[in-house]
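Reading through the structure tokens given below for one structure.
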Amino acid sequence: MSRPLRHQRMAFAAAPSPEAQAALKRLARQYGSVPPDEADVIVALGGDGFMLQTLHKYMTAGKPIYGMHRGTVGFLMNEFAVDDLKERLAAAKSTVIHPLVMWARDTRGATHERRAINEVSLFRQSAQAARLRILIDGRERMPELVADGIMVATPAGSTAYNLSVQGPIIPINAPLLALTPISPFRPRRWHGALLPDAARVTIEVMEADKRPVAAVADHDEVRDVTSVDVAMDHSIDMRLLFDPGHSLDERILREQFGY
């Protein structure tokens, strides 16, 4: 549920593109701008890629983020307009999302912790397919998956890369994760699984030296992994603001009907 922003002190963040930078100058001139730690809301100007960067940067800041489309893909963004921004912010609806946390162990024995808003993916690093063992909450569910890789996607990320590899679209408020194979060879007809968002997914890499695998949390890559654990981090709340009638749950619902 949305709540009015009392003072509406805005911090603006913009992608480096000329279009986004021009919008930044216009908005800052009209509404003023404060440092992010003093702001009531962060207004992100760009596309979905820049929105992901902004969410990562301010993941634990406790600041709501309102995006306006000044980039290529704008699924996470509102329409751009200079006028009436304070009124739009006051009327905006809030959607809370949580990131995934990834613990990736590499062949040198190091553990790397990363967070992802859309998905954690494992990819083969060589010409040979990856051989993966899958456990859910410590219990083996698939002794061997031979594939280009596999991913764990959040509801917010279910319409991104997950959808492009034929994964399911998940309503934004559903307590679920999508476990989706990438170009599976064996078993051929396995299309993945829907899991409770309290589940812990463990993926072990078989023949890691012969068939190297990389793990990627959104854009952070760890190469030569031997095993990866993934879980949703419910301790972190991120609030996205959307104009009425254009909420994230509405957009995800529309995606399921192809428009």
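In the structure tokens, chains take the letters A, B, ... in the order shown, each chain's residues start at 1, and ligands count up from 1 in the order shown.
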
With DSSP run on the backbone, what are the alpha helix (DSSP H) residues within segment 135-182 of chain A? I'd like them as number ranges by chain. A: 161-164

Generate the output file for the selected residues, N, CA and C atoms, as a compact mmCIF listing (two decimals), in the first residue's frame.
# COMPACT_ATOMS: atom_id res chain seq x y z
N TYR A 161 15.10 -12.32 -18.14
CA TYR A 161 15.81 -13.43 -18.78
C TYR A 161 15.07 -14.75 -18.58
N ASN A 162 14.46 -14.93 -17.42
CA ASN A 162 13.70 -16.14 -17.14
C ASN A 162 12.63 -16.40 -18.21
N LEU A 163 11.92 -15.37 -18.61
CA LEU A 163 10.87 -15.52 -19.61
C LEU A 163 11.46 -15.86 -20.98
N SER A 164 12.63 -15.31 -21.29
CA SER A 164 13.23 -15.56 -22.59
C SER A 164 13.69 -17.00 -22.77

As a ChimeraX atom specification, please: all residues of segment 27-150 of chain A that backbone DSSP puts in strand (DSSP E). /A:41-46,65-69,93-97,100-106,111-116,119-124,130-136,139-150

May I have the residues from that selection written out with C-alpha atoms, as a CSV table (one decimal), in the first residue's frame?
chain,number,residue,atom,x,y,z
A,41,VAL,CA,12.4,9.5,-2.6
A,42,ILE,CA,15.0,8.6,-5.3
A,43,VAL,CA,13.9,9.3,-8.9
A,44,ALA,CA,15.7,7.2,-11.4
A,45,LEU,CA,15.9,8.3,-15.1
A,46,GLY,CA,16.8,5.7,-17.7
A,65,ILE,CA,12.5,4.5,-5.9
A,66,TYR,CA,10.4,6.0,-8.7
A,67,GLY,CA,11.6,5.4,-12.2
A,68,MET,CA,10.9,7.4,-15.3
A,69,HIS,CA,11.6,6.0,-18.7
A,93,LYS,CA,1.4,2.9,-5.5
A,94,SER,CA,4.2,1.0,-3.7
A,95,THR,CA,5.4,-2.5,-4.6
A,96,VAL,CA,7.9,-4.3,-2.2
A,97,ILE,CA,10.4,-6.7,-3.6
A,100,LEU,CA,18.1,-13.1,-3.8
A,101,VAL,CA,21.4,-13.8,-2.0
A,102,MET,CA,23.9,-16.0,-3.7
A,103,TRP,CA,26.8,-17.9,-2.0
A,104,ALA,CA,29.1,-19.1,-4.8
A,105,ARG,CA,32.1,-21.3,-3.9
A,106,ASP,CA,34.9,-21.5,-6.5
A,111,THR,CA,33.1,-18.1,-1.1
A,112,HIS,CA,31.6,-15.1,-2.8
A,113,GLU,CA,28.3,-13.5,-1.6
A,114,ARG,CA,26.3,-11.5,-4.0
A,115,ARG,CA,22.7,-10.2,-4.3
A,116,ALA,CA,20.4,-10.2,-7.3
A,119,GLU,CA,17.9,-13.7,-11.1
A,120,VAL,CA,21.0,-15.9,-10.2
A,121,SER,CA,22.2,-17.8,-13.2
A,122,LEU,CA,24.7,-20.5,-13.8
A,123,PHE,CA,26.3,-20.8,-17.3
A,124,ARG,CA,28.8,-23.2,-18.9
A,130,ALA,CA,27.4,-28.2,-17.7
A,131,ARG,CA,26.6,-31.2,-15.4
A,132,LEU,CA,24.7,-30.0,-12.4
A,133,ARG,CA,23.1,-31.6,-9.3
A,134,ILE,CA,20.1,-29.8,-7.8
A,135,LEU,CA,19.1,-29.9,-4.1
A,136,ILE,CA,16.2,-28.1,-2.5
A,139,ARG,CA,17.4,-32.8,-0.3
A,140,GLU,CA,18.4,-34.0,-3.7
A,141,ARG,CA,15.7,-33.3,-6.3
A,142,MET,CA,17.7,-33.9,-9.5
A,143,PRO,CA,20.9,-36.0,-9.6
A,144,GLU,CA,22.0,-34.7,-12.9
A,145,LEU,CA,21.0,-31.9,-15.2
A,146,VAL,CA,23.0,-31.6,-18.5
A,147,ALA,CA,22.4,-28.1,-19.9
A,148,ASP,CA,23.9,-24.8,-20.8
A,149,GLY,CA,22.9,-23.7,-17.3
A,150,ILE,CA,20.1,-22.9,-14.9

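Put simply, atom CA of Val201 of chain A is 27.2 Å away from atom CA of Ala61 of chain A.
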